[in-house]
$ cat input25.cif   # mmCIF, C-alpha atoms
data_run
#
loop_
_atom_site.group_PDB
_atom_site.id
_atom_site.type_symbol
_atom_site.label_atom_id
_atom_site.label_comp_id
_atom_site.auth_asym_id
_atom_site.auth_seq_id
_atom_site.Cartn_x
_atom_site.Cartn_y
_atom_site.Cartn_z
ATOM 1 C CA MET A 23 0.000 0.000 0.000
ATOM 2 C CA LYS A 24 1.421 3.362 -0.988
ATOM 3 C CA THR A 25 1.255 5.965 1.781
ATOM 4 C CA THR A 26 1.856 9.682 2.086
ATOM 5 C CA ARG A 27 4.723 11.106 4.099
ATOM 6 C CA SER A 28 2.219 11.427 6.939
ATOM 7 C CA GLY A 29 1.738 7.640 6.882
ATOM 8 C CA ARG A 30 -1.863 7.744 5.642
ATOM 9 C CA PRO A 31 -2.953 5.736 2.548
ATOM 10 C CA ALA A 32 -2.297 7.929 -0.505
ATOM 11 C CA LEU A 33 -5.364 9.345 -2.242
ATOM 12 C CA THR A 34 -5.554 10.311 -5.911
ATOM 13 C CA ARG A 35 -8.269 11.279 -8.348
ATOM 14 C CA PRO A 36 -10.113 8.287 -9.879
ATOM 15 C CA ASP A 37 -7.874 8.535 -12.966
ATOM 16 C CA GLY A 38 -4.728 8.287 -10.808
ATOM 17 C CA THR A 39 -3.646 11.945 -11.103
ATOM 18 C CA PRO A 40 -3.064 14.120 -8.003
ATOM 19 C CA LEU A 41 -6.106 15.584 -6.294
ATOM 20 C CA ARG A 42 -6.525 19.315 -6.865
ATOM 21 C CA VAL A 43 -7.203 21.529 -3.860
ATOM 22 C CA LEU A 44 -7.702 25.289 -3.644
ATOM 23 C CA VAL A 45 -7.097 27.143 -0.365
ATOM 24 C CA VAL A 46 -8.837 30.523 -0.047
ATOM 25 C CA ASP A 47 -7.823 32.686 2.926
ATOM 26 C CA ASP A 48 -6.679 36.295 3.247
ATOM 27 C CA ASP A 49 -4.177 35.404 5.988
ATOM 28 C CA PRO A 50 -1.006 34.574 3.992
ATOM 29 C CA ASP A 51 0.658 32.769 6.885
ATOM 30 C CA LEU A 52 -2.341 30.521 7.508
ATOM 31 C CA ALA A 53 -2.779 29.861 3.786
ATOM 32 C CA GLU A 54 0.884 28.865 3.474
ATOM 33 C CA VAL A 55 0.632 26.447 6.392
ATOM 34 C CA LEU A 56 -2.564 24.900 5.050
ATOM 35 C CA CYS A 57 -1.079 24.523 1.565
ATOM 36 C CA GLY A 58 1.987 22.846 3.014
ATOM 37 C CA ALA A 59 -0.094 20.330 4.963
ATOM 38 C CA LEU A 60 -2.177 19.478 1.903
ATOM 39 C CA ARG A 61 0.857 19.173 -0.385
ATOM 40 C CA TYR A 62 2.242 16.759 2.190
ATOM 41 C CA GLU A 63 -0.592 14.457 1.059
ATOM 42 C CA GLY A 64 0.808 14.494 -2.468
ATOM 43 C CA TRP A 65 -1.919 16.784 -3.800
ATOM 44 C CA GLN A 66 -1.745 19.677 -6.264
ATOM 45 C CA VAL A 67 -2.514 22.741 -4.143
ATOM 46 C CA HIS A 68 -3.073 26.383 -5.095
ATOM 47 C CA SER A 69 -4.101 29.354 -2.982
ATOM 48 C CA ALA A 70 -5.999 32.622 -3.338
ATOM 49 C CA CYS A 71 -6.344 35.564 -0.977
ATOM 50 C CA ASP A 72 -9.808 36.842 -1.963
ATOM 51 C CA GLY A 73 -12.978 35.862 -3.785
ATOM 52 C CA ALA A 74 -12.044 37.255 -7.193
ATOM 53 C CA ALA A 75 -8.668 35.501 -7.178
ATOM 54 C CA ALA A 76 -10.310 32.268 -5.983
ATOM 55 C CA LEU A 77 -12.665 32.181 -8.963
ATOM 56 C CA ALA A 78 -9.857 32.957 -11.397
ATOM 57 C CA VAL A 79 -7.743 30.106 -10.014
ATOM 58 C CA ALA A 80 -10.759 27.745 -9.894
ATOM 59 C CA ARG A 81 -11.489 28.262 -13.587
ATOM 60 C CA GLU A 82 -7.921 27.261 -14.400
ATOM 61 C CA LEU A 83 -7.415 24.524 -11.803
ATOM 62 C CA MET A 84 -10.932 22.980 -11.712
ATOM 63 C CA PRO A 85 -10.338 21.876 -8.105
ATOM 64 C CA ASP A 86 -11.747 18.733 -6.532
ATOM 65 C CA ALA A 87 -11.949 20.451 -3.150
ATOM 66 C CA VAL A 88 -11.793 23.994 -1.777
ATOM 67 C CA VAL A 89 -10.829 25.087 1.736
ATOM 68 C CA LEU A 90 -12.754 28.352 1.947
ATOM 69 C CA ASP A 91 -12.596 31.077 4.588
ATOM 70 C CA VAL A 92 -15.972 32.673 5.324
ATOM 71 C CA MET A 93 -14.546 36.178 5.847
ATOM 72 C CA LEU A 94 -12.740 37.552 2.784
ATOM 73 C CA PRO A 95 -11.701 41.141 1.992
ATOM 74 C CA ASP A 96 -13.865 41.561 -1.126
ATOM 75 C CA THR A 97 -16.850 39.303 -0.370
ATOM 76 C CA ASP A 98 -17.896 36.401 1.860
ATOM 77 C CA GLY A 99 -17.263 32.723 1.381
ATOM 78 C CA PHE A 100 -20.933 31.966 0.782
ATOM 79 C CA ALA A 101 -20.998 34.170 -2.340
ATOM 80 C CA VAL A 102 -17.752 32.592 -3.522
ATOM 81 C CA LEU A 103 -19.260 29.135 -3.057
ATOM 82 C CA ARG A 104 -22.217 29.981 -5.286
ATOM 83 C CA SER A 105 -19.849 31.158 -8.018
ATOM 84 C CA LEU A 106 -17.626 28.082 -7.565
ATOM 85 C CA HIS A 107 -20.595 25.807 -8.123
ATOM 86 C CA ALA A 108 -21.211 27.548 -11.434
ATOM 87 C CA VAL A 109 -17.615 26.707 -12.415
ATOM 88 C CA LYS A 110 -17.554 23.125 -11.012
ATOM 89 C CA PRO A 111 -20.860 21.917 -9.548
ATOM 90 C CA ASP A 112 -19.413 18.839 -7.823
ATOM 91 C CA VAL A 113 -16.565 20.561 -5.988
ATOM 92 C CA CYS A 114 -16.261 19.654 -2.281
ATOM 93 C CA VAL A 115 -16.119 22.700 0.007
ATOM 94 C CA LEU A 116 -14.832 22.886 3.568
ATOM 95 C CA PHE A 117 -15.575 26.220 5.230
ATOM 96 C CA LEU A 118 -13.164 27.863 7.667
ATOM 97 C CA THR A 119 -14.780 30.260 10.083
ATOM 98 C CA ALA A 120 -13.667 32.206 13.117
ATOM 99 C CA ARG A 121 -17.283 32.433 14.153
ATOM 100 C CA ASP A 122 -18.978 29.634 16.041
ATOM 101 C CA ALA A 123 -22.545 30.853 15.536
ATOM 102 C CA VAL A 124 -25.120 28.244 14.574
ATOM 103 C CA GLU A 125 -26.413 30.669 11.912
ATOM 104 C CA ASP A 126 -23.068 30.559 10.080
ATOM 105 C CA ARG A 127 -23.069 26.780 10.027
ATOM 106 C CA ILE A 128 -26.630 26.689 8.689
ATOM 107 C CA THR A 129 -25.838 29.339 6.063
ATOM 108 C CA GLY A 130 -22.770 27.426 4.904
ATOM 109 C CA ILE A 131 -24.523 24.084 4.591
ATOM 110 C CA THR A 132 -27.607 25.654 2.979
ATOM 111 C CA ALA A 133 -25.383 27.410 0.440
ATOM 112 C CA GLY A 134 -24.011 24.028 -0.596
ATOM 113 C CA GLY A 135 -20.970 23.650 1.647
ATOM 114 C CA ASP A 136 -20.064 20.101 2.642
ATOM 115 C CA ASP A 137 -18.441 20.677 6.029
ATOM 116 C CA TYR A 138 -16.804 23.333 8.199
ATOM 117 C CA VAL A 139 -14.164 23.769 10.877
ATOM 118 C CA THR A 140 -13.976 26.603 13.372
ATOM 119 C CA LYS A 141 -10.763 28.547 13.971
ATOM 120 C CA PRO A 142 -8.510 27.770 15.701
ATOM 121 C CA PHE A 143 -8.251 24.277 14.239
ATOM 122 C CA SER A 144 -5.595 21.604 13.847
ATOM 123 C CA LEU A 145 -4.063 20.908 10.449
ATOM 124 C CA GLU A 146 -4.699 17.203 11.020
ATOM 125 C CA GLU A 147 -8.405 17.917 11.356
ATOM 126 C CA VAL A 148 -8.547 19.906 8.105
ATOM 127 C CA VAL A 149 -6.678 17.214 6.180
ATOM 128 C CA ALA A 150 -8.854 14.450 7.647
ATOM 129 C CA ARG A 151 -12.053 16.344 6.788
ATOM 130 C CA ILE A 152 -10.920 16.938 3.183
ATOM 131 C CA ARG A 153 -9.946 13.286 2.745
ATOM 132 C CA GLN A 154 -13.312 12.198 4.110
ATOM 133 C CA LEU A 155 -15.261 14.569 1.854
ATOM 134 C CA LEU A 156 -13.404 13.497 -1.277
ATOM 135 C CA ARG A 157 -13.806 9.784 -0.531
ATOM 136 C CA ARG A 158 -17.488 10.187 0.350
ATOM 137 C CA ALA A 159 -18.143 12.125 -2.854
ATOM 138 C CA GLY A 160 -16.453 9.434 -4.964
ATOM 139 C CA MET A 161 -13.878 11.953 -6.215
ATOM 140 C CA ALA A 162 -10.847 10.176 -4.774
ATOM 141 C CA ARG A 163 -9.490 6.674 -4.474
ATOM 142 C CA ARG A 164 -6.633 5.026 -2.655
ATOM 143 C CA LEU A 165 -3.867 4.018 -5.021
ATOM 144 C CA GLU A 166 -4.447 0.335 -4.312
ATOM 145 C CA ASP A 167 -8.200 0.586 -4.906
ATOM 146 C CA GLY A 168 -8.148 0.417 -8.703
ATOM 147 C CA PRO A 169 -10.599 2.342 -10.908
ATOM 148 C CA ARG A 170 -13.489 2.473 -8.452
ATOM 149 C CA LEU A 171 -16.276 4.929 -7.772
ATOM 150 C CA ILE A 172 -17.420 5.079 -4.143
ATOM 151 C CA VAL A 173 -20.501 6.851 -2.810
ATOM 152 C CA GLY A 174 -21.290 5.879 0.770
ATOM 153 C CA ASP A 175 -21.546 2.073 0.881
ATOM 154 C CA LEU A 176 -22.113 1.863 -2.890
ATOM 155 C CA VAL A 177 -18.990 0.793 -4.822
ATOM 156 C CA MET A 178 -18.522 0.482 -8.586
ATOM 157 C CA ASP A 179 -15.476 -1.101 -10.234
ATOM 158 C CA GLU A 180 -15.377 0.439 -13.707
ATOM 159 C CA ASP A 181 -13.009 -2.225 -15.080
ATOM 160 C CA SER A 182 -14.801 -5.361 -13.900
ATOM 161 C CA HIS A 183 -18.269 -3.729 -14.081
ATOM 162 C CA GLU A 184 -19.004 -5.054 -10.590
ATOM 163 C CA VAL A 185 -21.262 -3.056 -8.293
ATOM 164 C CA THR A 186 -21.761 -3.718 -4.588
ATOM 165 C CA ARG A 187 -23.712 -2.075 -1.826
ATOM 166 C CA ALA A 188 -22.639 -2.815 1.731
ATOM 167 C CA GLY A 189 -20.562 -5.624 0.219
ATOM 168 C CA GLU A 190 -23.519 -7.265 -1.540
ATOM 169 C CA LEU A 191 -23.149 -7.788 -5.295
ATOM 170 C CA ILE A 192 -25.729 -6.033 -7.502
ATOM 171 C CA GLU A 193 -26.356 -7.395 -10.998
ATOM 172 C CA LEU A 194 -26.971 -4.627 -13.557
ATOM 173 C CA SER A 195 -27.688 -4.536 -17.275
ATOM 174 C CA PRO A 196 -25.269 -2.482 -19.421
ATOM 175 C CA THR A 197 -27.701 0.453 -19.570
ATOM 176 C CA GLU A 198 -28.373 0.312 -15.832
ATOM 177 C CA PHE A 199 -24.617 0.269 -15.245
ATOM 178 C CA GLU A 200 -24.079 3.386 -17.400
ATOM 179 C CA LEU A 201 -26.930 5.214 -15.684
ATOM 180 C CA LEU A 202 -25.597 4.371 -12.231
ATOM 181 C CA ARG A 203 -22.067 5.348 -13.294
ATOM 182 C CA PHE A 204 -23.338 8.789 -14.362
ATOM 183 C CA LEU A 205 -25.109 9.222 -11.029
ATOM 184 C CA MET A 206 -22.050 8.052 -9.068
ATOM 185 C CA ARG A 207 -19.737 10.411 -10.946
ATOM 186 C CA ASN A 208 -22.017 13.268 -9.888
ATOM 187 C CA PRO A 209 -22.957 12.482 -6.272
ATOM 188 C CA ARG A 210 -25.225 15.002 -4.520
ATOM 189 C CA ARG A 211 -25.786 16.770 -7.839
ATOM 190 C CA VAL A 212 -29.313 16.951 -9.250
ATOM 191 C CA LEU A 213 -29.254 15.635 -12.822
ATOM 192 C CA SER A 214 -32.104 16.488 -15.170
ATOM 193 C CA LYS A 215 -33.759 13.933 -17.435
ATOM 194 C CA ALA A 216 -32.306 15.807 -20.399
ATOM 195 C CA GLN A 217 -28.760 15.503 -18.993
ATOM 196 C CA ILE A 218 -29.235 11.800 -18.302
ATOM 197 C CA LEU A 219 -30.625 11.121 -21.772
ATOM 198 C CA ASP A 220 -27.769 12.997 -23.396
ATOM 199 C CA ARG A 221 -25.056 11.231 -21.369
ATOM 200 C CA VAL A 222 -26.458 7.697 -21.114
ATOM 201 C CA TRP A 223 -28.456 7.347 -24.324
ATOM 202 C CA SER A 224 -26.673 10.036 -26.387
ATOM 203 C CA TYR A 225 -29.723 11.726 -27.824
ATOM 204 C CA ASP A 226 -31.616 14.931 -27.159
ATOM 205 C CA PHE A 227 -34.552 15.219 -24.828
ATOM 206 C CA GLY A 228 -37.874 15.144 -26.646
ATOM 207 C CA GLY A 229 -40.760 13.343 -25.049
ATOM 208 C CA ARG A 230 -38.562 10.457 -23.883
ATOM 209 C CA ALA A 231 -38.786 11.169 -20.166
ATOM 210 C CA HIS A 232 -40.422 7.775 -19.641
ATOM 211 C CA VAL A 233 -37.145 6.046 -20.630
ATOM 212 C CA VAL A 234 -35.259 7.734 -17.789
ATOM 213 C CA GLU A 235 -38.110 7.159 -15.343
ATOM 214 C CA LEU A 236 -38.233 3.476 -16.278
ATOM 215 C CA TYR A 237 -34.499 2.879 -15.787
ATOM 216 C CA ILE A 238 -34.418 4.885 -12.562
ATOM 217 C CA SER A 239 -37.143 2.573 -11.279
ATOM 218 C CA TYR A 240 -35.056 -0.458 -12.339
ATOM 219 C CA LEU A 241 -32.029 0.922 -10.462
ATOM 220 C CA ARG A 242 -34.056 1.642 -7.344
ATOM 221 C CA LYS A 243 -35.284 -1.940 -7.239
ATOM 222 C CA LYS A 244 -31.691 -3.179 -7.308
ATOM 223 C CA VAL A 245 -29.697 -0.509 -5.439
ATOM 224 C CA ASP A 246 -32.260 0.613 -2.852
ATOM 225 C CA ALA A 247 -34.346 -2.544 -2.397
ATOM 226 C CA GLY A 248 -34.636 -3.326 1.310
ATOM 227 C CA ARG A 249 -32.206 -0.527 2.178
ATOM 228 C CA GLU A 250 -32.330 3.156 2.994
ATOM 229 C CA PRO A 251 -32.758 4.923 -0.385
ATOM 230 C CA MET A 252 -29.812 6.574 -2.121
ATOM 231 C CA ILE A 253 -31.578 7.539 -5.364
ATOM 232 C CA HIS A 254 -33.917 10.494 -4.858
ATOM 233 C CA THR A 255 -36.352 12.356 -7.090
ATOM 234 C CA VAL A 256 -36.238 16.153 -6.972
ATOM 235 C CA ARG A 257 -39.657 17.163 -8.252
ATOM 236 C CA GLY A 258 -39.471 19.258 -11.380
ATOM 237 C CA ALA A 259 -35.664 19.034 -11.504
ATOM 238 C CA GLY A 260 -34.445 15.447 -11.901
ATOM 239 C CA TYR A 261 -32.659 12.820 -9.839
ATOM 240 C CA VAL A 262 -29.809 12.798 -7.326
ATOM 241 C CA LEU A 263 -27.670 10.081 -5.730
ATOM 242 C CA LYS A 264 -26.808 10.722 -2.088
ATOM 243 C CA PRO A 265 -24.836 8.596 0.381
ATOM 244 C CA VAL A 266 -26.836 7.457 3.367
ATOM 245 C CA THR A 267 -25.972 9.436 6.471
ATOM 246 C CA PRO A 268 -24.923 7.091 9.287
#
$ encode --input "input25.cif" --output "structure tokens"
Amino acid sequence: MKTTRSGRPALTRPDGTPLRVLVVDDDPDLAEVLCGALRYEGWQVHSACDGAAALAVARELMPDAVVLDVMLPDTDGFAVLRSLHAVKPDVCVLFLTARDAVEDRITGITAGGDDYVTKPFSLEEVVARIRQLLRRAGMARRLEDGPRLIVGDLVMDEDSHEVTRAGELIELSPTEFELLRFLMRNPRRVLSKAQILDRVWSYDFGGRAHVVELYISYLRKKVDAGREPMIHTVRGAGYVLKPVTP
């Protein structure tokens, strides 16, 4: 098993390239320390000191995760998060805040943040939270894992075409497999019927909503049968795959 210099199992993107992380904080000393700790994991790390710079870097880097301070000199982290989601909808975001108010936590999560830590914090905690977010979102794998997508207890091996949930093998047809793969590559993201048709069936939306509905129902019977549901319908918007919260 390959490990980082910290002794933890090394994480990469699913394609084996280094994970990309953006650190956004107007305190240059803190940003430098955070970047150093994250680079220690073998990741590609960039930093920005304000919201405008963060968005410019994000467009170039297309980060997998962002460590985002709530208080920035030109805006707040919540506004930056909304703009980041327009650039990369599936980016994982860990908020840093000096404020411990419940309202800030609620605002951050409601805005689409995945987690938060309150200053002062330990570097170990930040690294552990980022690793957990990336693994949970299926955006990272351990080097020994092989080409796998992981969302909660749902695991897909893209080479062998094997899918398991909680260790139990799930038999899927080729079309069901492609549909589930699209959902697993976009965890927590609402996908419209038009997007699913275009990606899975490769044709434009035009009265074929019943095809998506039918195959979603097939997947639910296999993935969610007898278990807490992971595949959810967002009325008027589409479908989303979410890991089950322990």
$ resolve_selection --input "input25.cif" --expression "the PyMOL selection byres ((chain A and resi 213) around 10)" --output "list in words"
Phe204, Leu205, Asn208, Pro209, Arg210, Arg211, Val212, Ser214, Lys215, Ala216, Gln217, Ile218, Thr255, Val256, Ala259, Gly260, Tyr261, Val262 and Leu263 of chain A
$ closest_atom_pairs --input "input25.cif" --of "range 149-224 of chain A" --to "range 57-72 of chain A" --cutoff "10 Å" --atoms "only C-alpha atoms" --output "tab-separated table"
residue	atom	partner	partner_atom	distance
A:Val149	CA	A:Leu60	CA	6.6
A:Ile152	CA	A:Leu60	CA	9.2
A:Arg153	CA	A:Glu63	CA	9.6
$ resolve_selection --input "input25.cif" --expression "the PyMOL selection byres ((chain A and resi 120) around 9)" --output "list of chain:residue names"
A:Asp91, A:Val92, A:Met93, A:Leu118, A:Thr119, A:Arg121, A:Asp122, A:Val139, A:Thr140, A:Lys141, A:Pro142
$ closest_residue --input "input25.cif" --among "A:Asp47, A:Glu235, A:Glu146, A:Asp179" --to "Ile253 in chain A" --atoms "all atoms listed in the file"
A:Glu235
$ residues_around --input "input25.cif" --residues "Ala74 in chain A" --least-positions-apart "4" --cutoff "9 Å" --atoms "only C-alpha atoms" --output "PDB file with C-alpha atoms, in the coordinates of the input"
ATOM      1  CA  ALA A  70      -5.999  32.622  -3.338  1.00  0.00           C
ATOM      2  CA  ALA A  78      -9.857  32.957 -11.397  1.00  0.00           C
ATOM      3  CA  VAL A  79      -7.743  30.106 -10.014  1.00  0.00           C
ATOM      4  CA  ASP A  96     -13.865  41.561  -1.126  1.00  0.00           C
ATOM      5  CA  THR A  97     -16.850  39.303  -0.370  1.00  0.00           C
ATOM      6  CA  VAL A 102     -17.752  32.592  -3.522  1.00  0.00           C
TER       7      VAL A 102
END
$ atom_distance --input "input25.cif" --atom1 "CA of Leu116 in chain A" --atom2 "CA of Gly135 in chain A"
6.5 Å
$ atom_distance --input "input25.cif" --atom1 "CA of Leu83 in chain A" --atom2 "CA of Phe143 in chain A"
26.1 Å
$ atom_distance --input "input25.cif" --atom1 "CA of Asp246 in chain A" --atom2 "CA of Arg157 in chain A"
20.7 Å
$ axis_aligned_box --input "input25.cif" --around "range 257-260 of chain A" --padding-each-side "3 Å" --output "lines of an AutoDock Vina configuration file"
center_x = -37.1
center_y = 17.4
center_z = -10.1
size_x = 11.2
size_y = 9.8
size_z = 9.6
$ resolve_selection --input "input25.cif" --expression "the PyMOL selection byres ((chain A and resi 187) around 12)" --output "ChimeraX atom specification"
/A:171-179,184-186,188-193,244-252,265-266
$ closest_residue --input "input25.cif" --among "A:Asp51, A:Val46, A:His232, A:Glu147" --to "Leu106 in chain A" --atoms "only C-alpha atoms"
A:Val46
